[in-house]
>>> print(open('query27.pdb').read())   # PDB, C-alpha atoms, pLDDT in the B column
MODEL        1
ATOM      1  CA  ALA A 150       6.612  -0.642  18.183  1.00 81.00           C
ATOM      2  CA  GLN A 151       3.333   0.580  19.524  1.00 91.00           C
ATOM      3  CA  LYS A 152       0.095  -0.863  18.202  1.00 96.00           C
ATOM      4  CA  VAL A 153      -3.607  -0.583  18.980  1.00 98.00           C
ATOM      5  CA  THR A 154      -6.128  -3.199  17.920  1.00 98.00           C
ATOM      6  CA  GLN A 155      -9.871  -2.708  17.813  1.00 98.00           C
ATOM      7  CA  ALA A 156     -11.164  -6.029  16.590  1.00 95.00           C
ATOM      8  CA  GLN A 157     -14.796  -4.961  16.354  1.00 97.00           C
ATOM      9  CA  THR A 158     -15.330  -3.169  13.072  1.00 97.00           C
ATOM     10  CA  GLU A 159     -19.001  -2.417  13.542  1.00 98.00           C
ATOM     11  CA  ILE A 160     -21.551  -2.947  16.309  1.00 98.00           C
ATOM     12  CA  SER A 161     -25.293  -2.431  16.059  1.00 98.00           C
ATOM     13  CA  VAL A 162     -27.487  -2.202  19.140  1.00 97.00           C
ATOM     14  CA  VAL A 163     -30.988  -1.118  19.992  1.00 97.00           C
ATOM     15  CA  GLU A 164     -31.393   1.946  22.164  1.00 97.00           C
ATOM     16  CA  LYS A 165     -31.052   1.304  25.905  1.00 97.00           C
ATOM     17  CA  GLU A 166     -28.845  -1.718  25.402  1.00 97.00           C
ATOM     18  CA  ASP A 167     -25.399  -1.748  27.019  1.00 97.00           C
ATOM     19  CA  VAL A 168     -22.434  -2.067  24.670  1.00 97.00           C
ATOM     20  CA  THR A 169     -18.717  -2.649  25.219  1.00 98.00           C
ATOM     21  CA  LEU A 170     -16.041  -1.568  22.765  1.00 98.00           C
ATOM     22  CA  ASP A 171     -12.801  -3.517  22.991  1.00 98.00           C
ATOM     23  CA  CYS A 172      -9.274  -2.147  22.748  1.00 98.00           C
ATOM     24  CA  VAL A 173      -6.020  -4.093  22.997  1.00 98.00           C
ATOM     25  CA  TYR A 174      -2.667  -2.342  22.879  1.00 98.00           C
ATOM     26  CA  GLU A 175       1.004  -3.215  22.514  1.00 97.00           C
ATOM     27  CA  THR A 176       3.910  -1.179  23.828  1.00 96.00           C
ATOM     28  CA  ARG A 177       7.379  -1.783  25.226  1.00 94.00           C
ATOM     29  CA  ASP A 178       7.324   1.381  27.318  1.00 93.00           C
ATOM     30  CA  THR A 179       6.468   1.228  30.988  1.00 92.00           C
ATOM     31  CA  THR A 180       5.078   4.754  30.833  1.00 92.00           C
ATOM     32  CA  TYR A 181       2.281   5.337  28.367  1.00 93.00           C
ATOM     33  CA  TYR A 182      -1.169   6.844  28.004  1.00 93.00           C
ATOM     34  CA  LEU A 183      -4.393   5.462  26.604  1.00 95.00           C
ATOM     35  CA  PHE A 184      -7.202   7.484  25.121  1.00 95.00           C
ATOM     36  CA  TRP A 185     -10.677   7.105  23.702  1.00 97.00           C
ATOM     37  CA  TYR A 186     -12.012   9.502  21.078  1.00 97.00           C
ATOM     38  CA  LYS A 187     -15.442   9.705  19.469  1.00 97.00           C
ATOM     39  CA  GLN A 188     -15.823  10.684  15.812  1.00 97.00           C
ATOM     40  CA  PRO A 189     -19.380  11.629  14.827  1.00 94.00           C
ATOM     41  CA  PRO A 190     -20.332  11.991  11.150  1.00 90.00           C
ATOM     42  CA  SER A 191     -19.112  15.608  11.211  1.00 87.00           C
ATOM     43  CA  GLY A 192     -15.559  14.224  11.352  1.00 88.00           C
ATOM     44  CA  GLU A 193     -14.159  16.010  14.390  1.00 91.00           C
ATOM     45  CA  LEU A 194     -12.511  13.737  16.953  1.00 95.00           C
ATOM     46  CA  VAL A 195     -13.957  14.366  20.404  1.00 95.00           C
ATOM     47  CA  PHE A 196     -11.804  13.502  23.404  1.00 94.00           C
ATOM     48  CA  LEU A 197     -13.492  11.209  25.938  1.00 95.00           C
ATOM     49  CA  ILE A 198     -10.851   9.996  28.380  1.00 92.00           C
ATOM     50  CA  ARG A 199      -7.115   9.744  29.079  1.00 91.00           C
ATOM     51  CA  ARG A 200      -5.528   7.096  31.315  1.00 91.00           C
ATOM     52  CA  ASN A 201      -1.870   6.713  32.286  1.00 90.00           C
ATOM     53  CA  SER A 202      -0.141   3.373  32.679  1.00 92.00           C
ATOM     54  CA  PHE A 203       0.214   3.732  36.436  1.00 89.00           C
ATOM     55  CA  ASP A 204      -3.464   4.213  37.121  1.00 87.00           C
ATOM     56  CA  GLU A 205      -5.528   1.081  36.698  1.00 84.00           C
ATOM     57  CA  GLN A 206      -8.570   2.434  38.464  1.00 83.00           C
ATOM     58  CA  ASN A 207     -11.706   2.028  36.453  1.00 84.00           C
ATOM     59  CA  GLU A 208     -13.542   5.216  35.686  1.00 86.00           C
ATOM     60  CA  ILE A 209     -17.188   6.075  35.292  1.00 87.00           C
ATOM     61  CA  SER A 210     -18.575   9.239  33.759  1.00 89.00           C
ATOM     62  CA  GLY A 211     -22.325   9.238  33.474  1.00 93.00           C
ATOM     63  CA  ARG A 212     -23.300   6.428  31.093  1.00 94.00           C
ATOM     64  CA  TYR A 213     -19.659   5.847  30.110  1.00 95.00           C
ATOM     65  CA  SER A 214     -17.215   3.599  31.916  1.00 94.00           C
ATOM     66  CA  TRP A 215     -13.724   2.375  31.167  1.00 94.00           C
ATOM     67  CA  ASN A 216     -11.951  -0.777  32.266  1.00 94.00           C
ATOM     68  CA  PHE A 217      -8.136  -0.697  32.130  1.00 94.00           C
ATOM     69  CA  GLN A 218      -6.323  -4.002  32.684  1.00 94.00           C
ATOM     70  CA  LYS A 219      -2.546  -4.025  32.263  1.00 93.00           C
ATOM     71  CA  SER A 220      -2.424  -7.800  32.698  1.00 93.00           C
ATOM     72  CA  THR A 221      -4.317  -8.241  29.424  1.00 95.00           C
ATOM     73  CA  SER A 222      -3.180  -4.955  27.789  1.00 96.00           C
ATOM     74  CA  SER A 223      -6.775  -3.905  27.368  1.00 96.00           C
ATOM     75  CA  PHE A 224      -8.652  -0.660  27.781  1.00 96.00           C
ATOM     76  CA  ASN A 225     -12.321  -1.354  27.135  1.00 96.00           C
ATOM     77  CA  PHE A 226     -15.118   1.176  26.927  1.00 96.00           C
ATOM     78  CA  THR A 227     -18.712   0.496  27.989  1.00 96.00           C
ATOM     79  CA  ILE A 228     -21.749   2.605  27.220  1.00 96.00           C
ATOM     80  CA  THR A 229     -24.679   1.875  29.489  1.00 96.00           C
ATOM     81  CA  ALA A 230     -28.220   2.404  28.224  1.00 97.00           C
ATOM     82  CA  SER A 231     -27.053   3.458  24.780  1.00 97.00           C
ATOM     83  CA  GLN A 232     -28.778   6.298  22.956  1.00 97.00           C
ATOM     84  CA  VAL A 233     -29.090   7.196  19.284  1.00 96.00           C
ATOM     85  CA  VAL A 234     -26.736  10.148  19.882  1.00 95.00           C
ATOM     86  CA  ASP A 235     -24.006   7.642  20.768  1.00 97.00           C
ATOM     87  CA  SER A 236     -23.869   6.546  17.126  1.00 97.00           C
ATOM     88  CA  ALA A 237     -20.353   7.343  15.909  1.00 97.00           C
ATOM     89  CA  VAL A 238     -16.967   5.794  15.250  1.00 98.00           C
ATOM     90  CA  TYR A 239     -14.951   5.292  18.423  1.00 98.00           C
ATOM     91  CA  PHE A 240     -11.167   5.209  18.418  1.00 98.00           C
ATOM     92  CA  CYS A 241      -8.786   3.922  21.026  1.00 98.00           C
ATOM     93  CA  ALA A 242      -5.311   5.499  20.959  1.00 97.00           C
ATOM     94  CA  LEU A 243      -1.932   5.127  22.652  1.00 96.00           C
ATOM     95  CA  SER A 244       0.959   7.504  23.290  1.00 93.00           C
ATOM     96  CA  GLU A 245       4.286   6.353  24.672  1.00 90.00           C
ATOM     97  CA  GLY A 246       6.660   8.090  27.024  1.00 85.00           C
ATOM     98  CA  ARG A 247       6.207  10.656  29.737  1.00 81.00           C
ATOM     99  CA  ARG A 248       4.407  13.196  27.577  1.00 81.00           C
ATOM    100  CA  ALA A 249       0.701  12.521  27.350  1.00 79.00           C
ATOM    101  CA  ALA A 250       0.399  14.702  24.238  1.00 83.00           C
ATOM    102  CA  SER A 251       3.071  12.858  22.294  1.00 88.00           C
ATOM    103  CA  LYS A 252       2.404  11.097  18.985  1.00 93.00           C
ATOM    104  CA  LEU A 253      -0.868   9.152  19.086  1.00 96.00           C
ATOM    105  CA  THR A 254      -1.204   5.712  17.552  1.00 97.00           C
ATOM    106  CA  PHE A 255      -4.834   4.941  16.779  1.00 98.00           C
ATOM    107  CA  GLY A 256      -6.729   1.732  16.267  1.00 97.00           C
ATOM    108  CA  THR A 257      -8.878   1.294  13.174  1.00 97.00           C
ATOM    109  CA  GLY A 258     -12.003   2.292  15.057  1.00 98.00           C
ATOM    110  CA  THR A 259     -15.330   0.681  15.915  1.00 98.00           C
ATOM    111  CA  ARG A 260     -18.454   2.013  14.261  1.00 98.00           C
ATOM    112  CA  LEU A 261     -21.362   1.979  16.718  1.00 98.00           C
ATOM    113  CA  GLN A 262     -24.873   2.221  15.378  1.00 97.00           C
ATOM    114  CA  VAL A 263     -27.685   2.699  17.882  1.00 97.00           C
ATOM    115  CA  THR A 264     -31.201   2.357  16.538  1.00 97.00           C
ATOM    116  CA  LEU A 265     -34.628   2.949  18.057  1.00 94.00           C
TER     117      LEU A 265
ATOM    118  CA  ASP B 197     -13.063  29.654  24.352  1.00 66.00           C
ATOM    119  CA  ALA B 198     -12.298  28.923  20.684  1.00 77.00           C
ATOM    120  CA  GLY B 199     -11.437  25.363  19.805  1.00 93.00           C
ATOM    121  CA  VAL B 200      -9.082  24.168  17.100  1.00 96.00           C
ATOM    122  CA  THR B 201      -9.958  25.618  13.710  1.00 97.00           C
ATOM    123  CA  GLN B 202      -8.891  24.422  10.276  1.00 97.00           C
ATOM    124  CA  SER B 203      -9.189  25.814   6.781  1.00 97.00           C
ATOM    125  CA  PRO B 204     -10.330  25.135   4.209  1.00 97.00           C
ATOM    126  CA  THR B 205     -13.095  22.638   4.943  1.00 96.00           C
ATOM    127  CA  HIS B 206     -12.845  20.924   1.587  1.00 96.00           C
ATOM    128  CA  LEU B 207     -10.299  21.027  -1.180  1.00 96.00           C
ATOM    129  CA  ILE B 208     -10.053  19.420  -4.594  1.00 98.00           C
ATOM    130  CA  LYS B 209      -6.687  19.181  -6.361  1.00 98.00           C
ATOM    131  CA  THR B 210      -5.221  17.255  -9.258  1.00 98.00           C
ATOM    132  CA  ARG B 211      -2.253  14.927  -9.237  1.00 98.00           C
ATOM    133  CA  GLY B 212       1.090  16.679  -9.133  1.00 97.00           C
ATOM    134  CA  GLN B 213      -0.235  19.866  -7.591  1.00 98.00           C
ATOM    135  CA  GLN B 214       0.748  21.282  -4.238  1.00 98.00           C
ATOM    136  CA  VAL B 215      -1.600  22.071  -1.335  1.00 98.00           C
ATOM    137  CA  THR B 216      -1.431  24.048   1.910  1.00 98.00           C
ATOM    138  CA  LEU B 217      -3.721  23.372   4.838  1.00 98.00           C
ATOM    139  CA  ARG B 218      -4.021  25.684   7.835  1.00 98.00           C
ATOM    140  CA  CYS B 219      -4.668  25.198  11.533  1.00 98.00           C
ATOM    141  CA  SER B 220      -5.184  27.520  14.486  1.00 98.00           C
ATOM    142  CA  PRO B 221      -4.745  25.870  17.885  1.00 96.00           C
ATOM    143  CA  LYS B 222      -7.084  26.035  20.813  1.00 94.00           C
ATOM    144  CA  SER B 223      -6.583  29.118  22.955  1.00 93.00           C
ATOM    145  CA  GLY B 224      -3.654  28.621  25.340  1.00 90.00           C
ATOM    146  CA  HIS B 225      -2.115  25.767  23.369  1.00 92.00           C
ATOM    147  CA  ASP B 226       1.368  25.952  21.882  1.00 93.00           C
ATOM    148  CA  THR B 227       1.837  22.577  20.201  1.00 94.00           C
ATOM    149  CA  VAL B 228       0.268  21.445  16.939  1.00 96.00           C
ATOM    150  CA  SER B 229       0.113  17.947  15.507  1.00 97.00           C
ATOM    151  CA  TRP B 230      -1.126  16.802  12.098  1.00 98.00           C
ATOM    152  CA  TYR B 231      -2.791  13.513  11.233  1.00 98.00           C
ATOM    153  CA  GLN B 232      -3.976  11.922   8.004  1.00 98.00           C
ATOM    154  CA  GLN B 233      -7.124   9.826   8.088  1.00 98.00           C
ATOM    155  CA  ALA B 234      -7.913   7.730   5.031  1.00 96.00           C
ATOM    156  CA  LEU B 235     -11.486   6.570   4.555  1.00 93.00           C
ATOM    157  CA  GLY B 236     -12.390   3.813   6.997  1.00 92.00           C
ATOM    158  CA  GLN B 237      -9.066   4.016   8.831  1.00 95.00           C
ATOM    159  CA  GLY B 238      -7.762   5.499  12.040  1.00 97.00           C
ATOM    160  CA  PRO B 239      -5.761   8.729  11.933  1.00 98.00           C
ATOM    161  CA  GLN B 240      -2.037   8.396  11.145  1.00 98.00           C
ATOM    162  CA  PHE B 241       0.444  10.769  12.772  1.00 97.00           C
ATOM    163  CA  ILE B 242       2.314  13.009  10.322  1.00 98.00           C
ATOM    164  CA  PHE B 243       4.301  15.356  12.574  1.00 97.00           C
ATOM    165  CA  GLN B 244       4.206  17.623  15.603  1.00 95.00           C
ATOM    166  CA  TYR B 245       5.408  21.229  15.918  1.00 95.00           C
ATOM    167  CA  TYR B 246       6.482  23.092  19.015  1.00 92.00           C
ATOM    168  CA  GLU B 247       8.392  26.381  19.230  1.00 91.00           C
ATOM    169  CA  GLU B 248       8.305  26.556  15.436  1.00 94.00           C
ATOM    170  CA  GLU B 249      10.277  23.330  15.082  1.00 94.00           C
ATOM    171  CA  GLU B 250       9.287  19.832  14.029  1.00 94.00           C
ATOM    172  CA  ARG B 251       9.631  17.723  17.187  1.00 92.00           C
ATOM    173  CA  GLN B 252       8.254  14.359  16.128  1.00 92.00           C
ATOM    174  CA  ARG B 253       7.608  12.849  12.734  1.00 96.00           C
ATOM    175  CA  GLY B 254       5.656   9.838  11.610  1.00 95.00           C
ATOM    176  CA  ASN B 255       6.322   7.618   8.632  1.00 95.00           C
ATOM    177  CA  PHE B 256       5.482  10.091   5.865  1.00 97.00           C
ATOM    178  CA  PRO B 257       7.650  11.084   2.891  1.00 97.00           C
ATOM    179  CA  ASP B 258       9.389  14.426   2.580  1.00 96.00           C
ATOM    180  CA  ARG B 259       6.580  15.613   0.299  1.00 97.00           C
ATOM    181  CA  PHE B 260       4.810  16.354   3.562  1.00 98.00           C
ATOM    182  CA  SER B 261       6.223  19.399   5.285  1.00 97.00           C
ATOM    183  CA  GLY B 262       4.995  21.858   7.838  1.00 97.00           C
ATOM    184  CA  HIS B 263       5.514  25.123   9.516  1.00 97.00           C
ATOM    185  CA  GLN B 264       4.548  26.715  12.797  1.00 97.00           C
ATOM    186  CA  PHE B 265       4.252  30.457  13.200  1.00 97.00           C
ATOM    187  CA  PRO B 266       5.040  32.615  16.252  1.00 96.00           C
ATOM    188  CA  ASN B 267       1.326  32.774  17.081  1.00 95.00           C
ATOM    189  CA  TYR B 268       1.361  28.920  17.259  1.00 96.00           C
ATOM    190  CA  SER B 269      -0.775  28.450  14.153  1.00 97.00           C
ATOM    191  CA  SER B 270       0.486  25.900  11.682  1.00 98.00           C
ATOM    192  CA  GLU B 271       0.470  24.902   8.025  1.00 98.00           C
ATOM    193  CA  LEU B 272       0.728  21.507   6.412  1.00 98.00           C
ATOM    194  CA  ASN B 273       2.139  21.453   2.884  1.00 98.00           C
ATOM    195  CA  VAL B 274       1.945  18.502   0.545  1.00 98.00           C
ATOM    196  CA  ASN B 275       3.879  18.583  -2.744  1.00 97.00           C
ATOM    197  CA  ALA B 276       3.475  16.466  -5.857  1.00 97.00           C
ATOM    198  CA  LEU B 277       0.061  15.209  -4.826  1.00 98.00           C
ATOM    199  CA  LEU B 278      -0.804  11.567  -5.419  1.00 98.00           C
ATOM    200  CA  LEU B 279      -4.238   9.980  -5.596  1.00 97.00           C
ATOM    201  CA  GLY B 280      -3.404   8.227  -2.320  1.00 97.00           C
ATOM    202  CA  ASP B 281      -3.111  11.578  -0.553  1.00 98.00           C
ATOM    203  CA  SER B 282      -6.898  11.892  -0.651  1.00 98.00           C
ATOM    204  CA  ALA B 283      -7.941  11.878   2.993  1.00 98.00           C
ATOM    205  CA  LEU B 284      -9.239  13.863   5.934  1.00 97.00           C
ATOM    206  CA  TYR B 285      -6.401  15.891   7.428  1.00 98.00           C
ATOM    207  CA  LEU B 286      -6.809  16.535  11.114  1.00 97.00           C
ATOM    208  CA  CYS B 287      -4.997  19.083  13.198  1.00 97.00           C
ATOM    209  CA  ALA B 288      -4.698  18.684  16.963  1.00 97.00           C
ATOM    210  CA  SER B 289      -3.383  21.089  19.552  1.00 96.00           C
ATOM    211  CA  SER B 290      -2.025  20.645  23.054  1.00 94.00           C
ATOM    212  CA  PHE B 291      -0.030  22.530  25.646  1.00 90.00           C
ATOM    213  CA  GLY B 292       3.550  22.009  26.641  1.00 76.00           C
ATOM    214  CA  GLN B 293       6.173  19.420  25.889  1.00 71.00           C
ATOM    215  CA  TYR B 294       6.677  17.913  29.310  1.00 73.00           C
ATOM    216  CA  SER B 295       3.199  17.484  30.669  1.00 74.00           C
ATOM    217  CA  SER B 296       1.801  14.192  31.844  1.00 70.00           C
ATOM    218  CA  THR B 297      -1.687  15.599  32.032  1.00 74.00           C
ATOM    219  CA  ASP B 298      -2.194  17.156  28.616  1.00 84.00           C
ATOM    220  CA  THR B 299      -4.385  15.920  25.806  1.00 91.00           C
ATOM    221  CA  GLN B 300      -4.566  16.555  22.091  1.00 94.00           C
ATOM    222  CA  TYR B 301      -7.763  18.298  21.000  1.00 95.00           C
ATOM    223  CA  PHE B 302      -8.759  17.974  17.396  1.00 96.00           C
ATOM    224  CA  GLY B 303     -10.180  20.318  14.812  1.00 96.00           C
ATOM    225  CA  PRO B 304     -12.921  19.480  12.308  1.00 95.00           C
ATOM    226  CA  GLY B 305     -10.457  18.527   9.600  1.00 96.00           C
ATOM    227  CA  THR B 306      -9.860  19.380   5.959  1.00 97.00           C
ATOM    228  CA  ARG B 307     -11.182  16.909   3.385  1.00 97.00           C
ATOM    229  CA  LEU B 308      -8.664  16.728   0.519  1.00 98.00           C
ATOM    230  CA  THR B 309      -9.633  15.045  -2.733  1.00 98.00           C
ATOM    231  CA  VAL B 310      -6.955  14.424  -5.348  1.00 98.00           C
ATOM    232  CA  LEU B 311      -8.220  13.722  -8.867  1.00 96.00           C
TER     233      LEU B 311
ENDMDL
END
>>> encode(input="query27.pdb", output="structure tokens")
Amino acid sequence: AQKVTQAQTEISVVEKEDVTLDCVYETRDTTYYLFWYKQPPSGELVFLIRRNSFDEQNEISGRYSWNFQKSTSSFNFTITASQVVDSAVYFCALSEGRRAASKLTFGTGTRLQVTL
Amino acid sequence: DAGVTQSPTHLIKTRGQQVTLRCSPKSGHDTVSWYQQALGQGPQFIFQYYEEEERQRGNFPDRFSGHQFPNYSSELNVNALLLGDSALYLCASSFGQYSSTDTQYFGPGTRLTVL
């Protein structure tokens, strides 16, 4: 069965600090997809990134970067020079099979608080 | 380009009642999924609809049912409400059933409170 673990319940940082959110997943499928979503206080889940199991290249988008390591079943998310607007709950999610938009299994989320 | 919309925003019901939540997918999308998010938890998959049929279902009782209309919009129905059904209900839309490049985009959710 698929499972996603986000061990960090809450992280507090001061603005401009770098922060890494951890995600560990379990799956028996060889084809799967990993996602990160951001949930601000408004409640809407905002898509950040999708990665498939065959692409272990790290990705950088502005202040965001993602490190995918199949050897450790991890898909970690780093925010560089954090800002107050980054405060939100971040979810890591997994879908199995060839369809990227199949059922998503979410972790319990990490609440990030960035203060001045 | 309209995103995923849901109605109503908030809803208060009492135990035993029935509720219907509505979702309109993002323009160009034909697949709708529903998730339940209890306070402090990650979203839990309820089911997914494509071509007006339920294609995948999570571990939810039959009290949870859905429907998809020809215009791709969808409804989630919950019968015999329990206190534990209080949650944020999220709708997500995507395109196609065989794509390796698609992503689920979420709406703002409906906050259901059962008293």
>>> atom_distance(input="query27.pdb", atom1="CA of Asn275 (chain B)", atom2="CA of Gly192 (chain A)")
24.4 Å
>>> interface_residues(input="query27.pdb", of="chain A", to="chain B", cutoff="8 Å", atoms="only C-alpha atoms", output="MDAnalysis selection string")
chainID A and resid 191:196 199 240 247:250 252:258
>>> atom_distance(input="query27.pdb", atom1="CA of Glu245 (chain A)", atom2="CA of Ile160 (chain A)")
28.7 Å
>>> residues_around(input="query27.pdb", residues="Thr221 (chain A)", least_positions_apart="5", cutoff="12 Å", atoms="all atoms listed in the file", output="ChimeraX atom specification")
/A:171-175,205,216
>>> atom_distance(input="query27.pdb", atom1="CA of Asp281 (chain B)", atom2="CA of Phe260 (chain B)")
10.1 Å
>>> resolve_selection(input="query27.pdb", expression="the PyMOL selection byres ((chain A and resi 183) around 6)", output="PyMOL selection string")
chain A and resi 182+184+199-200+242-243
>>> resolve_selection(input="query27.pdb", expression="the PyMOL selection byres ((chain A and resi 163) around 12)", output="ChimeraX atom specification")
/A:160-162,164-168,229-233,235-236,261-265
